[in-house]
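Colleague: Structure incoming, see below.
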Amino acid sequence: MADKKMVEEITSMDVDFAQWYTDVVKKAELVDYTSVKGCMVIKPAGYAIWELLQRQLDERFKKAGVENVYLPMFIPESLLQKEKDHVEGFAPEVAWVTHGGMQPLQERLCVRPTSETLFCDFYKNDIHSYRDLPRVYNQWCSVVRWEKETRPFLRSREFLWQEGHTAHATAQEAEERTIQMLNIYADFCREVLAIPVIKGRKTDKEKFAGAVATYTIEALMHDGKALQSGTSHNFGDGFAKAFGIQFADKDNGQKYVHQTSWGVSTRLIGGIIMVHGDNEGLVLPPRVAPVQVCIIPIQQKKEGVLDKAYALRGILEKNFRVKVDDSDKSPGWKFAEAEMRGACLRLEVGPKDIEAGKCVLCRRDTREKVEVAFEELESRVGELLDTIQREMLQRAEAHMASHTYTASTMEEFENLFREKSGFVKAMWCGCQECEDKIKEKLAVTSRCMPFEQENVADTCVCCGKPAKKMVYWGRSY
RNA sequence: CGAUGCGUGGCUCAGCUUGGUAGAGCGCUGCGUUCGGGACGCAGAGGUCGCAGGUUCGAAUCCUGUCGCAUCGACCA
């Protein structure tokens, strides 16, 4: 890997990680700010990533029996207020519509911050019999939360996401669906985004407003901070009781449904940037890279060069996403541009190459260059993209492993968070006072109680009472 | 919601202290030469200085208010 910094406009991540992130987002032309605080334009380069991600996740949903629907973006205030914990959780950050044209509305409408209440209102009329169950619906939409502090992709006031909402006849089936969807998210992050995650359950303090149990996947960013990357909630029958969603079971008894909801958002794009990016800009896993091969002609005005570039595109575009940069910028400029935008492979082709019947391929992730004969190009590109995808995951896994620590005493725990950044595994007694104390003292929160439990000590790291769970702790986005 | 910073061509900023013809670099347009890690020459276009009041013969500059954005904290995908 070259030490020389090729792109001067991007702040080095070791100097200021937050600024690096903002620079990459801007320079890779993923988003633009707008005149509404916290609302962003997702530009073609950014939206293309979302489309690829969305398509592949949606395929996995469909295989799991999920059907897509679309519900309105407005929620009448009375509807939002039916479930007590839920309102309290969301009230501080909802946006309200108070007028239609010039006329004040009889009842104000909230712009959905999430759609549990709408799905419940719909399900109560839609579900009558056990034969109507389960309902496994999902919608791709945007939601609005009036955040005070905003950052592109990580926390915006409006963001794109999917929200799945299911209704089941039994508690067990709901729990199974909750875990099934969490597993789909985790596999998707690993296999498509090359991001390893920790699967686990949130503590009561951190769980979703109105849920019986919230499960989460937690990823570790390059700076050692955690990013909650997806959640899956089991609601039990709490919403069903608040909204009166009943069905006639086989025994002809009226029963309440058991519900779940689960979601991931454009925040995942922020995760991709902060897990894989480097000082030259974006590094995208091939499976979500809008441009997998960027062909850069050298001396493109020379006879035959551009023709060759287009011919190579013709061969490659059957199986890969390919772009020819035939703008009249200099090659060096194009190299830097392709790197900033995260094109997985750069293909250089010039008069010398054409004469020799080969071209140059350069990997974005390692900068490794290889010369490839034209006849081998197609297979070599496929191999290289597979290799990049695999090695990006391996590097991310190694990073997470080397930034995951264990503490059995408060002293160790404090020292780790003072000196290092990453996950710390430590035991917990199960009481919220200890979580609060840790948060106040170190600005660290419980990320999750992982499914894969280990006994790293017998007593709570904070209070010393007998431990109930091993918890991943960290500073989070 | 608290703290801090910033609003001047598309972008980054200078000019403001001490009021007097609106500036630079980059980008953009045209032509030409270049091209294996952000090339260069020449010619051009482009701004009621965030907004509203006030002071003044005269305000980007001083005063008051207001709006917006960014960053960091407290709360959250």
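Labels used: A, B, ... for chains in the order of the structure tokens, numbers from 1 for residues in each chain, and numbers from 1 for ligands as shown.
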Identify, on the basis of only C-alpha atoms (C1' of nucleotides), every residue whose closest approach to range 113-122 of chain A does not exceed 8 Å; exclude the query and any residue fewer than 5 positions from it along the same chain; express the result as a short mmCIF file (atom, residue, chain, number, x, y, z; two decimals) with N, CA and C atoms, in the first residue's frame.

Modeller:
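Output contents, as saved in result_25.cif:
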```
data_model
loop_
_atom_site.label_atom_id
_atom_site.label_comp_id
_atom_site.auth_asym_id
_atom_site.auth_seq_id
_atom_site.Cartn_x
_atom_site.Cartn_y
_atom_site.Cartn_z
N LEU A 71 -47.89 1.77 3.09
CA LEU A 71 -48.86 2.45 3.94
C LEU A 71 -48.62 3.95 3.90
N PRO A 72 -49.62 4.74 4.32
CA PRO A 72 -49.50 6.20 4.22
C PRO A 72 -48.38 6.77 5.10
N ILE A 75 -49.89 9.86 10.21
CA ILE A 75 -50.53 9.15 11.30
C ILE A 75 -51.35 10.14 12.12
N LEU A 79 -54.17 8.00 16.82
CA LEU A 79 -53.67 6.65 16.54
C LEU A 79 -52.30 6.45 17.18
N LEU A 80 -51.49 7.47 17.05
CA LEU A 80 -50.12 7.38 17.60
C LEU A 80 -50.16 7.17 19.10
N LYS A 82 -52.18 5.46 20.99
CA LYS A 82 -52.84 4.28 21.56
C LYS A 82 -51.93 3.38 22.39
N PHE A 90 -41.44 8.17 21.06
CA PHE A 90 -41.30 8.91 19.81
C PHE A 90 -41.77 10.36 19.85
N GLU A 93 -39.64 13.47 18.95
CA GLU A 93 -39.00 13.69 17.67
C GLU A 93 -39.95 13.53 16.47
N VAL A 94 -41.25 13.76 16.69
CA VAL A 94 -42.13 13.68 15.52
C VAL A 94 -42.38 15.06 14.93
N VAL A 143 -38.87 7.70 6.56
CA VAL A 143 -39.50 8.13 7.80
C VAL A 143 -38.82 9.41 8.28
N VAL A 144 -39.50 10.10 9.17
CA VAL A 144 -39.01 11.40 9.63
C VAL A 144 -38.88 11.41 11.16
N ARG A 145 -37.72 11.77 11.63
CA ARG A 145 -37.51 11.96 13.07
C ARG A 145 -36.75 13.28 13.25
N GLU A 163 -39.19 -1.27 6.75
CA GLU A 163 -39.71 -1.70 8.04
C GLU A 163 -40.63 -2.88 7.80
N HIS A 165 -43.27 -5.62 9.29
CA HIS A 165 -44.24 -5.70 10.39
C HIS A 165 -45.01 -6.99 10.23
N PHE A 239 -49.09 -4.40 21.50
CA PHE A 239 -49.75 -3.55 20.50
C PHE A 239 -51.12 -4.11 20.16
N ALA A 240 -51.20 -5.43 20.06
CA ALA A 240 -52.48 -6.06 19.69
C ALA A 240 -53.55 -5.69 20.71
N PHE A 243 -54.49 -1.98 20.34
CA PHE A 243 -55.23 -1.68 19.11
C PHE A 243 -56.39 -2.64 18.85
N ILE A 245 -56.28 -6.05 18.06
CA ILE A 245 -56.10 -6.93 16.90
C ILE A 245 -56.33 -8.37 17.34
N SER A 261 -41.44 -6.31 14.52
CA SER A 261 -41.03 -5.37 13.47
C SER A 261 -39.52 -5.36 13.41
#
```

Colleague: Based on the backbone DSSP call, show me all residues of range 224-420 of chain A assigned alpha helix (DSSP H), as a ChimeraX atom specification.

Modeller: /A:238-243,267-276,305-316,331-340,351-356,377-402,410-419

Colleague: What's around Met181 in chain A at 8 Å? Count only C-alpha atoms (C1' of nucleotides), leave out sequence neighbours fewer than 4 positions away in its own chain, and write the answer as a PyMOL selection string.

Modeller: chain A and resi 177+185+232+262

Colleague: Selected residues, all heavy atoms, written as a PDB file, in the first residue's frame, please.

Modeller:
```pdb
ATOM      1  N   ARG A 177     -39.711 -15.495  14.230  1.00  0.00           N
ATOM      2  CA  ARG A 177     -39.600 -14.545  13.123  1.00  0.00           C
ATOM      3  C   ARG A 177     -38.636 -13.410  13.481  1.00  0.00           C
ATOM      4  O   ARG A 177     -37.839 -12.967  12.648  1.00  0.00           O
ATOM      5  CB  ARG A 177     -40.991 -13.980  12.765  1.00  0.00           C
ATOM      6  CG  ARG A 177     -41.007 -12.931  11.690  1.00  0.00           C
ATOM      7  CD  ARG A 177     -40.382 -13.335  10.369  1.00  0.00           C
ATOM      8  NE  ARG A 177     -41.196 -14.248   9.579  1.00  0.00           N
ATOM      9  CZ  ARG A 177     -40.963 -14.558   8.292  1.00  0.00           C
ATOM     10  NH1 ARG A 177     -39.944 -14.005   7.645  1.00  0.00           N
ATOM     11  NH2 ARG A 177     -41.737 -15.411   7.652  1.00  0.00           N
ATOM     12  N   TYR A 185     -30.402 -10.179   8.467  1.00  0.00           N
ATOM     13  CA  TYR A 185     -29.598  -8.949   8.491  1.00  0.00           C
ATOM     14  C   TYR A 185     -28.112  -9.251   8.689  1.00  0.00           C
ATOM     15  O   TYR A 185     -27.251  -8.694   8.012  1.00  0.00           O
ATOM     16  CB  TYR A 185     -30.053  -8.022   9.626  1.00  0.00           C
ATOM     17  CG  TYR A 185     -31.388  -7.352   9.409  1.00  0.00           C
ATOM     18  CD1 TYR A 185     -32.172  -6.989  10.498  1.00  0.00           C
ATOM     19  CD2 TYR A 185     -31.864  -7.062   8.142  1.00  0.00           C
ATOM     20  CE1 TYR A 185     -33.391  -6.353  10.334  1.00  0.00           C
ATOM     21  CE2 TYR A 185     -33.083  -6.440   7.957  1.00  0.00           C
ATOM     22  CZ  TYR A 185     -33.848  -6.081   9.050  1.00  0.00           C
ATOM     23  OH  TYR A 185     -35.049  -5.459   8.895  1.00  0.00           O
ATOM     24  N   SER A 232     -34.388  -5.839  15.324  1.00  0.00           N
ATOM     25  CA  SER A 232     -35.552  -6.695  15.151  1.00  0.00           C
ATOM     26  C   SER A 232     -36.248  -6.763  16.507  1.00  0.00           C
ATOM     27  O   SER A 232     -35.611  -7.065  17.519  1.00  0.00           O
ATOM     28  CB  SER A 232     -35.085  -8.078  14.687  1.00  0.00           C
ATOM     29  OG  SER A 232     -36.192  -8.881  14.327  1.00  0.00           O
ATOM     30  N   TRP A 262     -39.010  -4.996  12.238  1.00  0.00           N
ATOM     31  CA  TRP A 262     -37.558  -5.087  12.020  1.00  0.00           C
ATOM     32  C   TRP A 262     -37.181  -4.133  10.895  1.00  0.00           C
ATOM     33  O   TRP A 262     -37.970  -3.895   9.972  1.00  0.00           O
ATOM     34  CB  TRP A 262     -37.137  -6.519  11.674  1.00  0.00           C
ATOM     35  CG  TRP A 262     -38.238  -7.371  11.111  1.00  0.00           C
ATOM     36  CD1 TRP A 262     -39.168  -8.092  11.815  1.00  0.00           C
ATOM     37  CD2 TRP A 262     -38.583  -7.549   9.719  1.00  0.00           C
ATOM     38  NE1 TRP A 262     -40.044  -8.709  10.951  1.00  0.00           N
ATOM     39  CE2 TRP A 262     -39.708  -8.407   9.669  1.00  0.00           C
ATOM     40  CE3 TRP A 262     -38.030  -7.082   8.525  1.00  0.00           C
ATOM     41  CZ2 TRP A 262     -40.302  -8.797   8.465  1.00  0.00           C
ATOM     42  CZ3 TRP A 262     -38.614  -7.469   7.320  1.00  0.00           C
ATOM     43  CH2 TRP A 262     -39.748  -8.325   7.309  1.00  0.00           C
TER      44      TRP A 262
END
```

Colleague: Would you write out, as JSON lines, a table of all residues in chain B that have an atom no more than 12 Å from an atom of chain A, listing for each the closest atom pair and the distance in Å to one decimal, considering only C-alpha atoms (C1' of nucleotides) and ordering rows by chain and rising residue number?

Modeller:
```
{"residue": "B:C1", "atom": "C1'", "partner": "A:Lys148", "partner_atom": "CA", "distance": 8.3}
{"residue": "B:G2", "atom": "C1'", "partner": "A:Lys148", "partner_atom": "CA", "distance": 11.6}
{"residue": "B:C11", "atom": "C1'", "partner": "A:Lys26", "partner_atom": "CA", "distance": 11.6}
{"residue": "B:U12", "atom": "C1'", "partner": "A:Glu9", "partner_atom": "CA", "distance": 10.8}
{"residue": "B:C26", "atom": "C1'", "partner": "A:Glu9", "partner_atom": "CA", "distance": 11.8}
{"residue": "B:U34", "atom": "C1'", "partner": "A:Ser330", "partner_atom": "CA", "distance": 8.6}
{"residue": "B:C35", "atom": "C1'", "partner": "A:Gln299", "partner_atom": "CA", "distance": 4.9}
{"residue": "B:G36", "atom": "C1'", "partner": "A:Ile298", "partner_atom": "CA", "distance": 6.9}
{"residue": "B:G37", "atom": "C1'", "partner": "A:Gly332", "partner_atom": "CA", "distance": 4.6}
{"residue": "B:G38", "atom": "C1'", "partner": "A:Trp333", "partner_atom": "CA", "distance": 4.1}
{"residue": "B:A39", "atom": "C1'", "partner": "A:Ser330", "partner_atom": "CA", "distance": 6.9}
{"residue": "B:C40", "atom": "C1'", "partner": "A:Ser330", "partner_atom": "CA", "distance": 11.3}
{"residue": "B:G50", "atom": "C1'", "partner": "A:Ser35", "partner_atom": "CA", "distance": 11.8}
{"residue": "B:C67", "atom": "C1'", "partner": "A:Ser35", "partner_atom": "CA", "distance": 11.6}
{"residue": "B:G68", "atom": "C1'", "partner": "A:Ser35", "partner_atom": "CA", "distance": 7.7}
{"residue": "B:C69", "atom": "C1'", "partner": "A:Lys37", "partner_atom": "CA", "distance": 7.2}
{"residue": "B:A70", "atom": "C1'", "partner": "A:Thr150", "partner_atom": "CA", "distance": 9.8}
{"residue": "B:U71", "atom": "C1'", "partner": "A:Ala18", "partner_atom": "CA", "distance": 9.2}
{"residue": "B:C72", "atom": "C1'", "partner": "A:Glu149", "partner_atom": "CA", "distance": 10.0}
{"residue": "B:G73", "atom": "C1'", "partner": "A:Glu149", "partner_atom": "CA", "distance": 10.2}
{"residue": "B:A74", "atom": "C1'", "partner": "A:Lys148", "partner_atom": "CA", "distance": 10.5}
{"residue": "B:C75", "atom": "C1'", "partner": "A:Lys148", "partner_atom": "CA", "distance": 8.8}
{"residue": "B:C76", "atom": "C1'", "partner": "A:Glu147", "partner_atom": "CA", "distance": 7.7}
{"residue": "B:A77", "atom": "C1'", "partner": "A:Ser265", "partner_atom": "CA", "distance": 6.9}
```

Colleague: Please identify all polymer residues within 8 Å of range 60-62 of chain B, counting only C-alpha atoms (C1' of nucleotides), omitting same-chain residues fewer than 6 positions from it, and present them as a ChimeraX atom specification.

Modeller: /B:8,16,19,49

Colleague: Selected residues, all heavy atoms, written as an mmCIF file, in the first residue's frame, please.

Modeller:
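The resulting again.cif:
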```
data_model
loop_
_atom_site.group_PDB
_atom_site.id
_atom_site.type_symbol
_atom_site.label_atom_id
_atom_site.label_comp_id
_atom_site.auth_asym_id
_atom_site.auth_seq_id
_atom_site.Cartn_x
_atom_site.Cartn_y
_atom_site.Cartn_z
ATOM 1 P P U B 8 -21.265 32.853 2.122
ATOM 2 O OP1 U B 8 -22.210 32.392 1.084
ATOM 3 O OP2 U B 8 -19.997 32.154 2.353
ATOM 4 O "O5'" U B 8 -20.924 34.388 1.842
ATOM 5 C "C5'" U B 8 -21.880 35.253 1.280
ATOM 6 C "C4'" U B 8 -21.221 36.269 0.402
ATOM 7 O "O4'" U B 8 -20.238 37.024 1.169
ATOM 8 C "C3'" U B 8 -20.391 35.692 -0.745
ATOM 9 O "O3'" U B 8 -21.204 35.355 -1.848
ATOM 10 C "C2'" U B 8 -19.449 36.842 -1.059
ATOM 11 O "O2'" U B 8 -20.121 37.867 -1.763
ATOM 12 C "C1'" U B 8 -19.129 37.344 0.350
ATOM 13 N N1 U B 8 -17.930 36.711 0.928
ATOM 14 C C2 U B 8 -16.694 37.158 0.501
ATOM 15 O O2 U B 8 -16.558 38.040 -0.326
ATOM 16 N N3 U B 8 -15.620 36.531 1.076
ATOM 17 C C4 U B 8 -15.656 35.519 2.015
ATOM 18 O O4 U B 8 -14.611 35.064 2.443
ATOM 19 C C5 U B 8 -16.973 35.111 2.396
ATOM 20 C C6 U B 8 -18.035 35.701 1.853
ATOM 21 P P C B 16 -9.741 44.232 6.563
ATOM 22 O OP1 C B 16 -8.960 45.476 6.737
ATOM 23 O OP2 C B 16 -9.291 42.974 7.190
ATOM 24 O "O5'" C B 16 -11.233 44.504 7.035
ATOM 25 C "C5'" C B 16 -11.925 45.667 6.617
ATOM 26 C "C4'" C B 16 -13.253 45.754 7.326
ATOM 27 O "O4'" C B 16 -14.035 44.588 6.961
ATOM 28 C "C3'" C B 16 -13.157 45.757 8.853
ATOM 29 O "O3'" C B 16 -14.108 46.661 9.372
ATOM 30 C "C2'" C B 16 -13.514 44.328 9.241
ATOM 31 O "O2'" C B 16 -14.190 44.246 10.488
ATOM 32 C "C1'" C B 16 -14.462 43.921 8.120
ATOM 33 N N1 C B 16 -14.405 42.476 7.817
ATOM 34 C C2 C B 16 -15.584 41.724 7.898
ATOM 35 O O2 C B 16 -16.633 42.277 8.229
ATOM 36 N N3 C B 16 -15.537 40.403 7.607
ATOM 37 C C4 C B 16 -14.388 39.839 7.253
ATOM 38 N N4 C B 16 -14.398 38.543 6.975
ATOM 39 C C5 C B 16 -13.174 40.582 7.182
ATOM 40 C C6 C B 16 -13.226 41.888 7.473
ATOM 41 P P G B 19 -13.702 53.382 9.706
ATOM 42 O OP1 G B 19 -13.504 54.833 9.592
ATOM 43 O OP2 G B 19 -14.621 52.842 10.724
ATOM 44 O "O5'" G B 19 -14.140 52.841 8.296
ATOM 45 C "C5'" G B 19 -14.239 51.452 8.021
ATOM 46 C "C4'" G B 19 -15.130 51.261 6.796
ATOM 47 O "O4'" G B 19 -16.482 51.659 7.172
ATOM 48 C "C3'" G B 19 -14.736 52.131 5.615
ATOM 49 O "O3'" G B 19 -15.054 51.424 4.423
ATOM 50 C "C2'" G B 19 -15.643 53.341 5.748
ATOM 51 O "O2'" G B 19 -15.926 53.983 4.535
ATOM 52 C "C1'" G B 19 -16.906 52.695 6.333
ATOM 53 N N9 G B 19 -17.706 53.609 7.158
ATOM 54 C C8 G B 19 -17.330 54.248 8.298
ATOM 55 N N7 G B 19 -18.271 54.992 8.808
ATOM 56 C C5 G B 19 -19.348 54.830 7.936
ATOM 57 C C6 G B 19 -20.637 55.381 7.966
ATOM 58 O O6 G B 19 -21.117 56.146 8.796
ATOM 59 N N1 G B 19 -21.402 54.944 6.892
ATOM 60 C C2 G B 19 -20.973 54.097 5.912
ATOM 61 N N2 G B 19 -21.840 53.803 4.960
ATOM 62 N N3 G B 19 -19.757 53.547 5.867
ATOM 63 C C4 G B 19 -19.005 53.970 6.906
ATOM 64 P P C B 49 -25.525 42.629 -1.345
ATOM 65 O OP1 C B 49 -26.882 42.307 -0.885
ATOM 66 O OP2 C B 49 -24.898 43.900 -0.981
ATOM 67 O "O5'" C B 49 -24.530 41.484 -0.870
ATOM 68 C "C5'" C B 49 -24.902 40.122 -0.870
ATOM 69 C "C4'" C B 49 -23.816 39.357 -0.165
ATOM 70 O "O4'" C B 49 -22.528 39.759 -0.699
ATOM 71 C "C3'" C B 49 -23.736 39.616 1.344
ATOM 72 O "O3'" C B 49 -23.325 38.413 1.974
ATOM 73 C "C2'" C B 49 -22.666 40.689 1.458
ATOM 74 O "O2'" C B 49 -21.988 40.677 2.690
ATOM 75 C "C1'" C B 49 -21.713 40.270 0.334
ATOM 76 N N1 C B 49 -20.916 41.386 -0.228
ATOM 77 C C2 C B 49 -19.535 41.426 0.045
ATOM 78 O O2 C B 49 -19.030 40.535 0.737
ATOM 79 N N3 C B 49 -18.802 42.428 -0.459
ATOM 80 C C4 C B 49 -19.377 43.364 -1.224
ATOM 81 N N4 C B 49 -18.610 44.329 -1.707
ATOM 82 C C5 C B 49 -20.775 43.350 -1.500
ATOM 83 C C6 C B 49 -21.496 42.347 -0.995
#
```

Colleague: Given the choices A:Trp473, A:Tyr405, A:Phe247, A:Phe320, which gets closest to Asn125 in chain A if the distance is worked out from only C-alpha atoms?

Modeller: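 Residue with the minimum atom-to-atom distance to Asn125 in chain A: A:Phe247.
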
Colleague: Quick one: residues within 9 Å of Lys225 in chain A, only C-alpha atoms (C1' of nucleotides) counted, chain neighbours fewer than 3 positions away excluded, as a PyMOL selection string?

Modeller: chain A and resi 219-222+421-423+474-477

Colleague: Those selected residues, please, written with all heavy atoms and delivered as a compact mmCIF listing (two decimals), in the first residue's frame.

Modeller:
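Output (selection-v3.txt):
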```
# COMPACT_ATOMS: atom_id res chain seq x y z
N ALA A 219 -22.10 -3.31 14.65
CA ALA A 219 -20.86 -3.36 13.86
C ALA A 219 -19.84 -2.41 14.48
O ALA A 219 -20.21 -1.46 15.17
CB ALA A 219 -21.14 -2.96 12.42
N LEU A 220 -18.58 -2.68 14.22
CA LEU A 220 -17.52 -1.83 14.76
C LEU A 220 -16.88 -1.03 13.64
O LEU A 220 -16.39 -1.58 12.66
CB LEU A 220 -16.45 -2.69 15.45
CG LEU A 220 -15.49 -1.92 16.34
CD1 LEU A 220 -16.23 -1.30 17.52
CD2 LEU A 220 -14.37 -2.81 16.83
N MET A 221 -16.88 0.28 13.81
CA MET A 221 -16.34 1.16 12.79
C MET A 221 -14.81 1.25 12.92
O MET A 221 -14.24 0.84 13.92
CB MET A 221 -16.94 2.56 12.90
CG MET A 221 -18.46 2.58 12.81
SD MET A 221 -19.09 1.97 11.23
CE MET A 221 -19.64 0.33 11.68
N HIS A 222 -14.18 1.84 11.91
CA HIS A 222 -12.73 1.90 11.89
C HIS A 222 -12.15 2.66 13.08
O HIS A 222 -11.06 2.38 13.54
CB HIS A 222 -12.27 2.57 10.58
CG HIS A 222 -10.87 2.21 10.21
ND1 HIS A 222 -9.79 2.92 10.66
CD2 HIS A 222 -10.38 1.18 9.49
CE1 HIS A 222 -8.69 2.36 10.20
NE2 HIS A 222 -9.03 1.31 9.49
N SER A 421 -10.10 2.10 21.87
CA SER A 421 -11.48 2.24 21.45
C SER A 421 -11.90 0.94 20.78
O SER A 421 -11.13 0.34 20.04
CB SER A 421 -11.64 3.42 20.50
OG SER A 421 -10.79 3.26 19.40
N GLY A 422 -13.10 0.52 21.08
CA GLY A 422 -13.59 -0.73 20.53
C GLY A 422 -14.65 -1.31 21.43
O GLY A 422 -15.24 -0.60 22.25
N PHE A 423 -14.91 -2.61 21.26
CA PHE A 423 -15.85 -3.30 22.13
C PHE A 423 -15.11 -3.80 23.37
O PHE A 423 -13.97 -4.25 23.28
CB PHE A 423 -16.42 -4.55 21.45
CG PHE A 423 -17.43 -4.26 20.37
CD1 PHE A 423 -17.37 -4.92 19.15
CD2 PHE A 423 -18.47 -3.36 20.58
CE1 PHE A 423 -18.31 -4.68 18.15
CE2 PHE A 423 -19.42 -3.11 19.59
CZ PHE A 423 -19.33 -3.78 18.38
N GLY A 474 -19.62 -0.28 24.51
CA GLY A 474 -18.87 0.54 23.57
C GLY A 474 -19.41 1.96 23.48
O GLY A 474 -20.47 2.27 24.02
N ARG A 475 -18.63 2.79 22.80
CA ARG A 475 -19.14 4.12 22.46
C ARG A 475 -19.79 3.98 21.10
O ARG A 475 -19.28 3.27 20.24
CB ARG A 475 -17.99 5.14 22.40
CG ARG A 475 -17.31 5.31 23.74
CD ARG A 475 -16.61 6.66 23.89
NE ARG A 475 -16.14 6.83 25.25
CZ ARG A 475 -14.91 6.49 25.67
NH1 ARG A 475 -14.03 5.99 24.82
NH2 ARG A 475 -14.57 6.66 26.93
N SER A 476 -20.90 4.67 20.93
CA SER A 476 -21.64 4.40 19.71
C SER A 476 -21.98 5.66 18.92
O SER A 476 -21.94 6.77 19.45
CB SER A 476 -22.94 3.67 20.04
OG SER A 476 -23.85 4.59 20.59
N TYR A 477 -22.31 5.45 17.66
CA TYR A 477 -22.81 6.53 16.81
C TYR A 477 -24.29 6.75 17.06
O TYR A 477 -24.98 5.85 17.49
CB TYR A 477 -22.57 6.20 15.34
CG TYR A 477 -21.17 6.60 14.94
CD1 TYR A 477 -20.15 5.66 14.94
CD2 TYR A 477 -20.87 7.91 14.63
CE1 TYR A 477 -18.86 6.02 14.62
CE2 TYR A 477 -19.58 8.29 14.31
CZ TYR A 477 -18.58 7.35 14.30
OH TYR A 477 -17.29 7.72 13.99
```

Colleague: Kindly give the distance, in Å, that separates CA of Val322 in chain A and CA of Ile269 in chain A, rounded to a single decimal.

Modeller: 21.0 Å

Colleague: Just asking: which residues within range 212-421 of chain A are strand (DSSP E or B) according to DSSP, as a ChimeraX atom specification?

Modeller: /A:213-220,226-236,246-248,254-256,258-265,278,281,293-297,322-324,345-349,358-363,369-373,404-406

Colleague: Excluding Lys63 in chain A and its own-chain neighbours fewer than 4 positions away, which residues fall within 12 Å of it when counting only C-alpha atoms (C1' of nucleotides)? Please give them as a list in words.

Modeller: Gln56, Leu57, Asp58, Glu59, Glu67, Val136, Gln180, Met181 and Ile184 of chain A

Colleague: Mind checking which residues fall within 12 Å of U64 in chain B, counting only C-alpha atoms (C1' of nucleotides), ignoring those fewer than 2 positions away in the same chain, and posting them as a list in words?

Modeller: A52, G53, G54, U55, C62 and U66 of chain B

Colleague: Could you tell me how far CA of Arg390 in chain A lies from CA of Lys26 in chain A, in Å and to one decimal?

Modeller: 27.4 Å

Colleague: When you count only C-alpha atoms, which of these residues is closest to Ala443 in chain A: A:Lys207, A:Glu414, A:Met73, A:Val66?

Modeller: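 Closest candidate: A:Glu414.
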